[in-house]
file my_file39.cif (mmCIF, C-alpha atoms and all ligand atoms)
data_my_file
loop_
_atom_site.group_PDB
_atom_site.id
_atom_site.type_symbol
_atom_site.label_atom_id
_atom_site.label_comp_id
_atom_site.auth_asym_id
_atom_site.auth_seq_id
_atom_site.Cartn_x
_atom_site.Cartn_y
_atom_site.Cartn_z
ATOM 1 C CA MET M 1 -26.962 -6.958 5.023
ATOM 2 C CA THR M 2 -27.267 -5.277 1.625
ATOM 3 C CA ILE M 3 -24.532 -5.661 -0.954
ATOM 4 C CA LEU M 4 -23.384 -2.066 -0.354
ATOM 5 C CA ASP M 5 -23.247 -2.689 3.423
ATOM 6 C CA ARG M 6 -20.573 -5.294 2.749
ATOM 7 C CA PHE M 7 -18.235 -2.524 1.573
ATOM 8 C CA ARG M 8 -18.635 -0.475 4.795
ATOM 9 C CA LEU M 9 -15.770 -0.274 7.286
ATOM 10 C CA ASP M 10 -17.724 1.195 10.217
ATOM 11 C CA GLY M 11 -16.095 0.399 13.563
ATOM 12 C CA LYS M 12 -12.914 -0.843 11.895
ATOM 13 C CA VAL M 13 -9.406 0.522 12.336
ATOM 14 C CA ALA M 14 -7.001 0.777 9.410
ATOM 15 C CA ILE M 15 -3.274 1.518 9.253
ATOM 16 C CA VAL M 16 -1.952 3.152 6.074
ATOM 17 C CA THR M 17 1.808 3.503 5.596
ATOM 18 C CA GLY M 18 3.202 6.120 3.246
ATOM 19 C CA ALA M 19 0.195 8.320 4.006
ATOM 20 C CA SER M 20 2.128 11.591 3.738
ATOM 21 C CA SER M 21 1.773 11.986 -0.051
ATOM 22 C CA GLY M 22 0.315 10.574 -3.234
ATOM 23 C CA LEU M 23 -1.766 7.419 -3.187
ATOM 24 C CA GLY M 24 -1.483 6.935 0.576
ATOM 25 C CA VAL M 25 -3.327 10.198 1.220
ATOM 26 C CA ALA M 26 -6.196 9.146 -1.049
ATOM 27 C CA LEU M 27 -6.311 5.634 0.416
ATOM 28 C CA ALA M 28 -6.532 7.010 3.980
ATOM 29 C CA GLU M 29 -9.249 9.487 2.989
ATOM 30 C CA HIS M 30 -11.384 6.875 1.198
ATOM 31 C CA LEU M 31 -10.980 4.251 3.940
ATOM 32 C CA ALA M 32 -12.273 6.923 6.332
ATOM 33 C CA ALA M 33 -15.147 7.753 3.976
ATOM 34 C CA ALA M 34 -16.066 4.047 4.095
ATOM 35 C CA GLY M 35 -16.178 4.274 7.906
ATOM 36 C CA ALA M 36 -12.724 3.368 9.263
ATOM 37 C CA ASP M 37 -10.612 5.184 11.818
ATOM 38 C CA VAL M 38 -7.151 5.481 10.275
ATOM 39 C CA ALA M 39 -3.638 5.427 11.756
ATOM 40 C CA LEU M 40 -1.086 7.053 9.487
ATOM 41 C CA GLY M 41 2.612 6.267 9.197
ATOM 42 C CA ALA M 42 5.461 7.869 7.212
ATOM 43 C CA ARG M 43 8.650 9.837 7.920
ATOM 44 C CA ARG M 44 7.232 13.350 7.182
ATOM 45 C CA VAL M 45 4.979 13.739 10.192
ATOM 46 C CA ASP M 46 3.957 17.323 9.272
ATOM 47 C CA ARG M 47 2.458 15.978 6.047
ATOM 48 C CA LEU M 48 0.759 13.163 7.975
ATOM 49 C CA ALA M 49 -0.974 15.821 10.058
ATOM 50 C CA ASP M 50 -2.584 17.155 6.842
ATOM 51 C CA THR M 51 -3.809 13.642 5.998
ATOM 52 C CA ALA M 52 -5.124 13.230 9.553
ATOM 53 C CA ARG M 53 -7.247 16.362 9.033
ATOM 54 C CA LEU M 54 -8.700 14.818 5.847
ATOM 55 C CA VAL M 55 -9.624 11.658 7.773
ATOM 56 C CA GLU M 56 -11.212 13.742 10.523
ATOM 57 C CA SER M 57 -13.178 15.740 7.956
ATOM 58 C CA GLU M 58 -14.853 12.404 7.083
ATOM 59 C CA GLY M 59 -15.966 12.193 10.730
ATOM 60 C CA ARG M 60 -13.410 9.521 11.679
ATOM 61 C CA ARG M 61 -10.544 9.471 14.180
ATOM 62 C CA SER M 62 -6.897 9.527 13.152
ATOM 63 C CA ILE M 63 -3.383 9.412 14.579
ATOM 64 C CA ALA M 64 -0.155 10.353 12.821
ATOM 65 C CA VAL M 65 2.967 8.435 13.830
ATOM 66 C CA ALA M 66 6.467 9.189 12.529
ATOM 67 C CA THR M 67 7.492 5.867 10.996
ATOM 68 C CA ASP M 68 10.388 4.671 8.888
ATOM 69 C CA VAL M 69 9.100 1.307 7.662
ATOM 70 C CA SER M 70 12.641 0.057 7.050
ATOM 71 C CA SER M 71 12.937 -0.073 10.857
ATOM 72 C CA PRO M 72 11.203 -3.076 12.489
ATOM 73 C CA GLN M 73 11.085 -1.065 15.739
ATOM 74 C CA ASP M 74 9.270 1.832 14.028
ATOM 75 C CA CYS M 75 6.769 -0.615 12.500
ATOM 76 C CA GLN M 76 6.085 -2.145 15.906
ATOM 77 C CA GLY M 77 5.784 1.400 17.286
ATOM 78 C CA LEU M 78 3.102 2.315 14.720
ATOM 79 C CA VAL M 79 1.080 -0.783 15.570
ATOM 80 C CA ASP M 80 1.525 -0.209 19.330
ATOM 81 C CA ALA M 81 0.379 3.420 18.957
ATOM 82 C CA THR M 82 -2.671 2.274 16.973
ATOM 83 C CA MET M 83 -3.581 -0.308 19.613
ATOM 84 C CA ALA M 84 -3.131 2.306 22.360
ATOM 85 C CA ALA M 85 -5.340 4.840 20.535
ATOM 86 C CA PHE M 86 -8.046 2.588 19.079
ATOM 87 C CA GLY M 87 -7.658 -0.844 20.719
ATOM 88 C CA ARG M 88 -7.635 -2.857 17.489
ATOM 89 C CA VAL M 89 -6.191 -3.177 13.986
ATOM 90 C CA ASP M 90 -8.506 -4.574 11.297
ATOM 91 C CA VAL M 91 -6.830 -3.380 8.097
ATOM 92 C CA LEU M 92 -3.212 -2.829 7.097
ATOM 93 C CA VAL M 93 -2.392 -1.088 3.826
ATOM 94 C CA ASN M 94 1.304 -1.503 3.056
ATOM 95 C CA ASN M 95 1.591 1.501 0.747
ATOM 96 C CA ALA M 96 4.982 3.071 1.656
ATOM 97 C CA GLY M 97 7.323 2.778 -1.281
ATOM 98 C CA VAL M 98 10.271 4.310 -3.051
ATOM 99 C CA GLY M 99 11.045 4.123 -6.721
ATOM 100 C CA THR M 100 14.395 4.378 -8.440
ATOM 101 C CA ALA M 101 15.453 4.166 -12.056
ATOM 102 C CA ARG M 102 19.160 3.226 -12.045
ATOM 103 C CA PRO M 103 21.028 1.382 -14.788
ATOM 104 C CA ALA M 104 22.015 -1.985 -13.268
ATOM 105 C CA THR M 105 25.739 -1.524 -13.893
ATOM 106 C CA ARG M 106 25.699 1.754 -11.937
ATOM 107 C CA GLU M 107 23.346 1.005 -9.046
ATOM 108 C CA THR M 108 25.239 0.867 -5.733
ATOM 109 C CA PRO M 109 24.600 -1.806 -3.081
ATOM 110 C CA GLU M 110 23.275 0.944 -0.779
ATOM 111 C CA GLU M 111 20.760 2.150 -3.379
ATOM 112 C CA PHE M 112 19.524 -1.373 -4.119
ATOM 113 C CA ARG M 113 19.294 -2.298 -0.427
ATOM 114 C CA GLN M 114 17.382 0.895 0.414
ATOM 115 C CA VAL M 115 14.606 0.049 -2.053
ATOM 116 C CA VAL M 116 14.377 -3.518 -0.744
ATOM 117 C CA ASP M 117 14.409 -2.256 2.851
ATOM 118 C CA VAL M 118 11.427 0.044 2.304
ATOM 119 C CA ASN M 119 9.298 -1.689 -0.322
ATOM 120 C CA LEU M 120 9.681 -5.348 0.671
ATOM 121 C CA ASN M 121 11.198 -5.607 4.148
ATOM 122 C CA GLY M 122 9.059 -2.728 5.445
ATOM 123 C CA ALA M 123 5.877 -4.460 4.281
ATOM 124 C CA TYR M 124 6.940 -7.615 6.097
ATOM 125 C CA TRP M 125 7.785 -5.837 9.379
ATOM 126 C CA MET M 126 4.381 -4.130 9.277
ATOM 127 C CA ALA M 127 2.559 -7.380 8.464
ATOM 128 C CA GLN M 128 4.361 -9.216 11.281
ATOM 129 C CA ALA M 129 3.485 -6.552 13.855
ATOM 130 C CA CYS M 130 -0.147 -6.440 12.707
ATOM 131 C CA GLY M 131 -0.446 -10.228 12.363
ATOM 132 C CA ARG M 132 0.279 -10.552 16.092
ATOM 133 C CA VAL M 133 -2.741 -8.431 17.102
ATOM 134 C CA MET M 134 -5.249 -8.716 14.245
ATOM 135 C CA ARG M 135 -8.487 -10.572 14.946
ATOM 136 C CA PRO M 136 -10.320 -12.936 12.555
ATOM 137 C CA GLY M 137 -11.940 -10.906 9.755
ATOM 138 C CA SER M 138 -8.916 -8.647 9.325
ATOM 139 C CA SER M 139 -7.308 -7.804 6.000
ATOM 140 C CA ILE M 140 -3.816 -6.921 4.802
ATOM 141 C CA ILE M 141 -3.416 -5.174 1.449
ATOM 142 C CA ASN M 142 0.012 -4.814 -0.115
ATOM 143 C CA ILE M 143 0.453 -2.090 -2.714
ATOM 144 C CA GLY M 144 2.495 -3.749 -5.449
ATOM 145 C CA SER M 145 2.921 -2.496 -8.994
ATOM 146 C CA VAL M 146 2.479 -3.634 -12.558
ATOM 147 C CA LEU M 147 6.297 -3.673 -12.459
ATOM 148 C CA GLY M 148 5.985 -6.818 -10.368
ATOM 149 C CA PHE M 149 4.742 -8.473 -13.565
ATOM 150 C CA THR M 150 6.203 -6.569 -16.525
ATOM 151 C CA THR M 151 8.754 -3.926 -17.522
ATOM 152 C CA ALA M 152 8.055 -0.334 -18.502
ATOM 153 C CA GLY M 153 11.017 1.100 -20.350
ATOM 154 C CA LEU M 154 13.049 2.400 -17.385
ATOM 155 C CA PRO M 155 15.860 0.502 -15.606
ATOM 156 C CA GLN M 156 14.096 -0.437 -12.353
ATOM 157 C CA ALA M 157 15.652 -3.708 -11.155
ATOM 158 C CA ALA M 158 15.382 -2.931 -7.444
ATOM 159 C CA TYR M 159 11.833 -1.578 -7.660
ATOM 160 C CA SER M 160 10.593 -4.418 -9.903
ATOM 161 C CA ALA M 161 12.249 -7.064 -7.728
ATOM 162 C CA THR M 162 10.564 -5.710 -4.593
ATOM 163 C CA LYS M 163 7.168 -5.503 -6.255
ATOM 164 C CA ALA M 164 7.480 -9.080 -7.560
ATOM 165 C CA GLY M 165 8.648 -10.042 -4.068
ATOM 166 C CA LEU M 166 5.454 -8.597 -2.595
ATOM 167 C CA VAL M 167 3.437 -10.994 -4.771
ATOM 168 C CA GLY M 168 5.218 -13.943 -3.124
ATOM 169 C CA LEU M 169 4.913 -12.361 0.335
ATOM 170 C CA THR M 170 1.178 -11.896 -0.224
ATOM 171 C CA ARG M 171 0.693 -15.515 -1.292
ATOM 172 C CA ASP M 172 2.691 -16.939 1.596
ATOM 173 C CA LEU M 173 1.141 -14.820 4.355
ATOM 174 C CA ALA M 174 -2.298 -15.689 2.946
ATOM 175 C CA GLN M 175 -1.556 -19.411 3.245
ATOM 176 C CA GLN M 176 -0.113 -18.964 6.757
ATOM 177 C CA TRP M 177 -2.832 -16.742 8.188
ATOM 178 C CA THR M 178 -6.148 -17.030 6.306
ATOM 179 C CA GLY M 179 -7.165 -20.416 7.709
ATOM 180 C CA ARG M 180 -5.341 -20.252 11.031
ATOM 181 C CA LYS M 181 -5.937 -16.614 12.013
ATOM 182 C CA GLY M 182 -8.765 -15.449 9.739
ATOM 183 C CA ILE M 183 -6.554 -12.730 8.242
ATOM 184 C CA ARG M 184 -6.866 -12.312 4.474
ATOM 185 C CA VAL M 185 -3.821 -11.029 2.569
ATOM 186 C CA ASN M 186 -4.058 -9.584 -0.941
ATOM 187 C CA LEU M 187 -2.184 -7.229 -3.262
ATOM 188 C CA VAL M 188 -3.250 -4.514 -5.653
ATOM 189 C CA ALA M 189 -0.914 -3.699 -8.528
ATOM 190 C CA PRO M 190 -1.381 -0.089 -9.666
ATOM 191 C CA GLY M 191 -0.507 0.968 -13.185
ATOM 192 C CA PHE M 192 0.219 4.688 -13.672
ATOM 193 C CA PHE M 193 -1.131 7.267 -11.202
ATOM 194 C CA VAL M 194 0.265 10.808 -11.171
ATOM 195 C CA THR M 195 1.998 11.386 -7.793
ATOM 196 C CA GLU M 196 5.301 12.675 -6.401
ATOM 197 C CA MET M 197 6.810 9.344 -7.434
ATOM 198 C CA THR M 198 5.873 9.757 -11.097
ATOM 199 C CA GLU M 199 7.056 13.399 -11.042
ATOM 200 C CA GLN M 200 10.591 11.964 -10.836
ATOM 201 C CA TYR M 201 10.196 10.253 -14.220
ATOM 202 C CA PRO M 202 11.989 11.709 -17.284
ATOM 203 C CA GLU M 203 9.956 14.280 -19.223
ATOM 204 C CA GLY M 204 7.556 12.650 -21.664
ATOM 205 C CA TYR M 205 7.949 9.185 -20.113
ATOM 206 C CA LEU M 206 4.412 8.862 -18.747
ATOM 207 C CA GLU M 207 2.914 10.019 -22.047
ATOM 208 C CA SER M 208 5.074 7.481 -23.894
ATOM 209 C CA GLN M 209 3.546 4.661 -21.819
ATOM 210 C CA MET M 210 -0.109 5.662 -22.295
ATOM 211 C CA GLY M 211 -0.344 3.712 -25.559
ATOM 212 C CA ARG M 212 -0.072 0.538 -23.437
ATOM 213 C CA VAL M 213 -3.008 1.524 -21.217
ATOM 214 C CA LEU M 214 -6.288 0.232 -22.693
ATOM 215 C CA VAL M 215 -8.313 2.895 -20.847
ATOM 216 C CA GLY M 216 -5.986 5.470 -22.439
ATOM 217 C CA ARG M 217 -5.154 7.617 -19.398
ATOM 218 C CA ALA M 218 -3.453 7.601 -15.994
ATOM 219 C CA GLY M 219 -5.559 6.413 -13.073
ATOM 220 C CA ASP M 220 -7.394 8.541 -10.531
ATOM 221 C CA PRO M 221 -6.337 7.659 -6.942
ATOM 222 C CA ALA M 222 -10.028 7.113 -6.120
ATOM 223 C CA GLU M 223 -10.006 4.258 -8.658
ATOM 224 C CA LEU M 224 -7.242 2.554 -6.678
ATOM 225 C CA ALA M 225 -8.993 3.321 -3.389
ATOM 226 C CA ALA M 226 -12.138 1.547 -4.625
ATOM 227 C CA ALA M 227 -10.164 -1.690 -4.999
ATOM 228 C CA VAL M 228 -8.500 -1.201 -1.602
ATOM 229 C CA VAL M 229 -11.841 -0.583 0.150
ATOM 230 C CA PHE M 230 -13.168 -3.767 -1.501
ATOM 231 C CA LEU M 231 -10.215 -5.811 -0.230
ATOM 232 C CA ALA M 232 -10.344 -4.176 3.220
ATOM 233 C CA SER M 233 -14.043 -4.899 3.658
ATOM 234 C CA ASP M 234 -16.252 -7.956 4.068
ATOM 235 C CA ALA M 235 -17.202 -7.513 0.396
ATOM 236 C CA SER M 236 -14.037 -9.518 -0.338
ATOM 237 C CA SER M 237 -14.486 -12.100 2.437
ATOM 238 C CA TYR M 238 -13.890 -14.946 -0.076
ATOM 239 C CA VAL M 239 -10.813 -13.344 -1.685
ATOM 240 C CA THR M 240 -7.316 -14.050 -0.345
ATOM 241 C CA GLY M 241 -3.795 -14.568 -1.630
ATOM 242 C CA VAL M 242 -4.397 -12.811 -4.946
ATOM 243 C CA SER M 243 -2.896 -9.876 -6.835
ATOM 244 C CA ILE M 244 -5.377 -7.557 -8.537
ATOM 245 C CA PRO M 245 -4.080 -5.156 -11.206
ATOM 246 C CA VAL M 246 -5.675 -1.683 -11.177
ATOM 247 C CA ASP M 247 -3.896 -0.564 -14.298
ATOM 248 C CA GLY M 248 -6.404 0.489 -16.951
ATOM 249 C CA GLY M 249 -5.581 -2.723 -18.827
ATOM 250 C CA LEU M 250 -1.821 -2.180 -19.096
ATOM 251 C CA LEU M 251 -0.960 -5.791 -18.273
ATOM 252 C CA THR M 252 -3.419 -7.047 -20.891
ATOM 253 C CA SER M 253 -2.154 -4.953 -23.783
HETATM 254 P P1 LIG M 301 4.746 9.000 -3.299
HETATM 255 O O1 LIG M 301 3.820 10.146 -3.474
HETATM 256 O O2 LIG M 301 6.207 9.210 -3.507
HETATM 257 O O3 LIG M 301 4.475 8.390 -1.850
HETATM 258 C C1 LIG M 301 5.353 7.463 -1.256
HETATM 259 C C2 LIG M 301 5.031 7.381 0.208
HETATM 260 O O4 LIG M 301 5.901 6.409 0.819
HETATM 261 C C3 LIG M 301 5.238 8.703 0.921
HETATM 262 O O5 LIG M 301 4.179 8.925 1.817
HETATM 263 C C4 LIG M 301 6.524 8.472 1.702
HETATM 264 O O6 LIG M 301 6.490 9.186 2.924
HETATM 265 C C5 LIG M 301 6.439 6.981 1.976
HETATM 266 N N1 LIG M 301 7.748 6.425 2.293
HETATM 267 C C6 LIG M 301 8.858 6.397 1.525
HETATM 268 N N2 LIG M 301 9.879 5.851 2.222
HETATM 269 C C7 LIG M 301 9.388 5.539 3.450
HETATM 270 C C8 LIG M 301 9.938 4.976 4.609
HETATM 271 N N3 LIG M 301 11.229 4.598 4.666
HETATM 272 N N4 LIG M 301 9.145 4.786 5.691
HETATM 273 C C9 LIG M 301 7.846 5.187 5.655
HETATM 274 N N5 LIG M 301 7.254 5.714 4.591
HETATM 275 C C10 LIG M 301 8.036 5.902 3.493
HETATM 276 O O7 LIG M 301 4.398 7.804 -4.275
HETATM 277 P P2 LIG M 301 3.018 7.079 -4.631
HETATM 278 O O8 LIG M 301 2.943 7.031 -6.105
HETATM 279 O O9 LIG M 301 1.890 7.602 -3.853
HETATM 280 O O10 LIG M 301 3.366 5.592 -4.141
HETATM 281 C C11 LIG M 301 2.607 4.883 -3.176
HETATM 282 C C12 LIG M 301 2.757 3.392 -3.431
HETATM 283 O O11 LIG M 301 2.164 3.074 -4.690
HETATM 284 C C13 LIG M 301 4.210 2.912 -3.519
HETATM 285 O O12 LIG M 301 4.333 1.639 -2.903
HETATM 286 C C14 LIG M 301 4.442 2.779 -5.002
HETATM 287 O O13 LIG M 301 5.448 1.848 -5.320
HETATM 288 C C15 LIG M 301 3.071 2.320 -5.462
HETATM 289 N N6 LIG M 301 2.816 2.520 -6.892
HETATM 290 C C16 LIG M 301 2.626 3.780 -7.379
HETATM 291 C C17 LIG M 301 2.370 3.936 -8.738
HETATM 292 C C18 LIG M 301 2.124 5.284 -9.367
HETATM 293 O O14 LIG M 301 1.916 5.334 -10.581
HETATM 294 N N7 LIG M 301 2.111 6.367 -8.604
HETATM 295 C C19 LIG M 301 2.335 2.811 -9.581
HETATM 296 C C20 LIG M 301 2.544 1.566 -9.036
HETATM 297 C C21 LIG M 301 2.777 1.431 -7.690
HETATM 298 P P3 LIG M 301 7.733 9.895 3.634
HETATM 299 O O15 LIG M 301 8.682 10.371 2.562
HETATM 300 O O16 LIG M 301 7.095 10.994 4.406
HETATM 301 O O17 LIG M 301 8.321 8.839 4.528
#
call {"tool": "encode", "arguments": {"input": "my_file39.cif", "output": "structure tokens", "more": "lines below"}}
Ligand code: NAP
result
Amino acid sequence: MTILDRFRLDGKVAIVTGASSGLGVALAEHLAAAGADVALGARRVDRLADTARLVESEGRRSIAVATDVSSPQDCQGLVDATMAAFGRVDVLVNNAGVGTARPATRETPEEFRQVVDVNLNGAYWMAQACGRVMRPGSSIINIGSVLGFTTAGLPQAAYSATKAGLVGLTRDLAQQWTGRKGIRVNLVAPGFFVTEMTEQYPEGYLESQMGRVLVGRAGDPAELAAAVVFLASDASSYVTGVSIPVDGGLLTS
């Protein structure tokens, strides 16, 4: 096997949540380009159909399943549909996420709980459902954030707490499953990537943060996908339980 062969995902099946916009679309497309069939989950199923066409244009198979990751039943349904269509799950990318910027004194319990339900609980329901069927050699990748490690000028208690929570979830599932089940669990922590999520930021906010980014610009989704393909593939067979920033050096500055 050549070193580049280790990055291939031929014959593998990946699930990507939050694949209806932004980073999830790019992650699904690049996992397919690396050889995986990809099952797609999110609430906007019409948008998932567009992503499915991108996967198919890479010569891979795809299914689109309406999924609200805050529902354990929906998460089980996505995994069941993937098993029914493809017979296996090798890779889970927990990418679905919502961001809010609410001053702590004004954030309602419902708003806080909603972010936790999607970003943290949803990742756990998906990991549980996949952990029951994944075979040795499988890989779970949680999409965290640099906000799991630092602050960035906006009031984001709920978002930051969930992203820090994913770091602990990653570590614990890795210690439960790597040795016993052969499932590796890792996290990537993106810095700034222009998506629908960042479009909600106040005008000029992104530009104001660029001084903290050593590379000096926002990331290209393909740059995040490269790290995800690495963690999904046998190229990272000796990597588990870690959080890898893909942030242009933001956490170092
Ligand atoms: P985005 O374009 O807003 O995409 C978010 C995705 O999550 C959408 O596909 C959305 O689909 C899905 N989603 C939201 N609530 C959901 C739910 N209840 N059930 C299922 N899916 C749900 O944002 P993005 O920037 O690509 O974010 C993707 C991930 O990267 C998130 O976890 C985010 O925290 C993380 N991240 C992004 C950045 C950045 O700079 N963009 C930085 C750090 C981390 P539906 O609305 O169709 O359900």
call {"tool": "residues_near_ligand", "arguments": {"input": "my_file39.cif", "ligand": "ligand LIG 301 (chain M)", "cutoff": "8 Å", "atoms": "all atoms listed in the file", "output": "VMD selection string"}}
result
chain M and resid 17 to 25 41 to 45 47 to 48 67 to 71 94 to 99 117 to 119 122 143 to 147 159 163 189 to 198 218 to 219
call {"tool": "closest_residue", "arguments": {"input": "my_file39.cif", "among": "M:Ala66, M:Ala28, M:Thr2, M:Ala158", "to": "M:Leu54", "atoms": "only C-alpha atoms"}}
result
M:Ala28
call {"tool": "closest_residue", "arguments": {"input": "my_file39.cif", "among": "M:Ala49, M:Leu166, M:Val229, M:Ala127", "to": "M:Ala33", "atoms": "all atoms listed in the file"}}
result
M:Val229
call {"tool": "axis_aligned_box", "arguments": {"input": "my_file39.cif", "around": "stretch 222-230 of chain M", "padding_each_side": "5 Å", "output": "AutoDock Vina command-line options"}}
result
--center_x -10.2 --center_y 1.7 --center_z -4.3 --size_x 15.9 --size_y 20.9 --size_z 18.8
call {"tool": "closest_residue", "arguments": {"input": "my_file39.cif", "among": "M:Val246, M:Leu169, M:Ile3, M:Leu231", "to": "M:Asn121", "atoms": "all atoms listed in the file"}}
result
M:Leu169
call {"tool": "atom_distance", "arguments": {"input": "my_file39.cif", "atom1": "atom CA of M:Asp172", "atom2": "atom CA of M:Ala226"}}
result
24.5 Å
call {"tool": "residues_around", "arguments": {"input": "my_file39.cif", "residues": "stretch 206-210 of chain M", "least_positions_apart": "3", "cutoff": "10 Å", "atoms": "only C-alpha atoms", "output": "NGL selection string"}}
result
:M and (152-153 or 192-194 or 198-199 or 201-203 or 213-218 or 248 or 250)
call {"tool": "atom_distance", "arguments": {"input": "my_file39.cif", "atom1": "atom CA of M:Leu9", "atom2": "atom CA of M:Val167"}}
result
25.1 Å
call {"tool": "atom_distance", "arguments": {"input": "my_file39.cif", "atom1": "atom CA of M:Trp125", "atom2": "atom CA of M:Pro72"}}
result
5.4 Å
call {"tool": "resolve_selection", "arguments": {"input": "my_file39.cif", "expression": "the PyMOL selection byres (((chain M and resi 237-240) around 8) and not hetatm)", "output": "list in words"}}
result
Gly137, Ala174, Thr178, Arg184, Val185, Asn186, Leu231, Ser233, Asp234, Ala235, Ser236, Gly241 and Val242 of chain M
call {"tool": "residues_around", "arguments": {"input": "my_file39.cif", "residues": "M:Ala101", "least_positions_apart": "4", "cutoff": "8 Å", "atoms": "all atoms listed in the file", "output": "PDB file with C-alpha atoms, in the coordinates of the input"}}
result
ATOM      1  CA  LEU M 154      13.049   2.400 -17.385  1.00  0.00           C
ATOM      2  CA  PRO M 155      15.860   0.502 -15.606  1.00  0.00           C
ATOM      3  CA  GLN M 156      14.096  -0.437 -12.353  1.00  0.00           C
ATOM      4  CA  ALA M 157      15.652  -3.708 -11.155  1.00  0.00           C
TER       5      ALA M 157
END
call {"tool": "decode", "arguments": {"input": "my_file39.cif", "residues": "stretch 30-35 of chain M", "atoms": "all heavy atoms", "output": "PDB file, in the first residue's frame"}}
result
ATOM      1  N   HIS M  30     -16.066  15.713  -0.667  1.00  0.00           N
ATOM      2  CA  HIS M  30     -14.662  15.273  -0.641  1.00  0.00           C
ATOM      3  C   HIS M  30     -14.517  13.844  -0.121  1.00  0.00           C
ATOM      4  O   HIS M  30     -13.625  13.113  -0.569  1.00  0.00           O
ATOM      5  CB  HIS M  30     -13.819  16.258   0.159  1.00  0.00           C
ATOM      6  CG  HIS M  30     -13.639  17.569  -0.556  1.00  0.00           C
ATOM      7  ND1 HIS M  30     -12.835  17.712  -1.665  1.00  0.00           N
ATOM      8  CD2 HIS M  30     -14.189  18.785  -0.349  1.00  0.00           C
ATOM      9  CE1 HIS M  30     -12.884  18.965  -2.106  1.00  0.00           C
ATOM     10  NE2 HIS M  30     -13.707  19.641  -1.317  1.00  0.00           N
ATOM     11  N   LEU M  31     -15.394  13.428   0.794  1.00  0.00           N
ATOM     12  CA  LEU M  31     -15.372  12.018   1.222  1.00  0.00           C
ATOM     13  C   LEU M  31     -15.698  11.132   0.025  1.00  0.00           C
ATOM     14  O   LEU M  31     -15.094  10.068  -0.161  1.00  0.00           O
ATOM     15  CB  LEU M  31     -16.371  11.788   2.359  1.00  0.00           C
ATOM     16  CG  LEU M  31     -15.961  12.355   3.727  1.00  0.00           C
ATOM     17  CD1 LEU M  31     -17.169  12.394   4.676  1.00  0.00           C
ATOM     18  CD2 LEU M  31     -14.831  11.542   4.361  1.00  0.00           C
ATOM     19  N   ALA M  32     -16.653  11.579  -0.801  1.00  0.00           N
ATOM     20  CA  ALA M  32     -17.000  10.822  -2.011  1.00  0.00           C
ATOM     21  C   ALA M  32     -15.827  10.811  -2.994  1.00  0.00           C
ATOM     22  O   ALA M  32     -15.513   9.773  -3.593  1.00  0.00           O
ATOM     23  CB  ALA M  32     -18.239  11.418  -2.665  1.00  0.00           C
ATOM     24  N   ALA M  33     -15.168  11.953  -3.141  1.00  0.00           N
ATOM     25  CA  ALA M  33     -14.013  12.015  -4.048  1.00  0.00           C
ATOM     26  C   ALA M  33     -12.910  11.059  -3.594  1.00  0.00           C
ATOM     27  O   ALA M  33     -12.158  10.523  -4.418  1.00  0.00           O
ATOM     28  CB  ALA M  33     -13.482  13.449  -4.120  1.00  0.00           C
ATOM     29  N   ALA M  34     -12.833  10.825  -2.278  1.00  0.00           N
ATOM     30  CA  ALA M  34     -11.832   9.882  -1.749  1.00  0.00           C
ATOM     31  C   ALA M  34     -12.303   8.437  -1.853  1.00  0.00           C
ATOM     32  O   ALA M  34     -11.555   7.523  -1.529  1.00  0.00           O
ATOM     33  CB  ALA M  34     -11.513  10.234  -0.293  1.00  0.00           C
ATOM     34  N   GLY M  35     -13.579   8.235  -2.286  1.00  0.00           N
ATOM     35  CA  GLY M  35     -14.031   6.872  -2.581  1.00  0.00           C
ATOM     36  C   GLY M  35     -15.219   6.367  -1.799  1.00  0.00           C
ATOM     37  O   GLY M  35     -15.698   5.260  -2.049  1.00  0.00           O
TER      38      GLY M  35
END
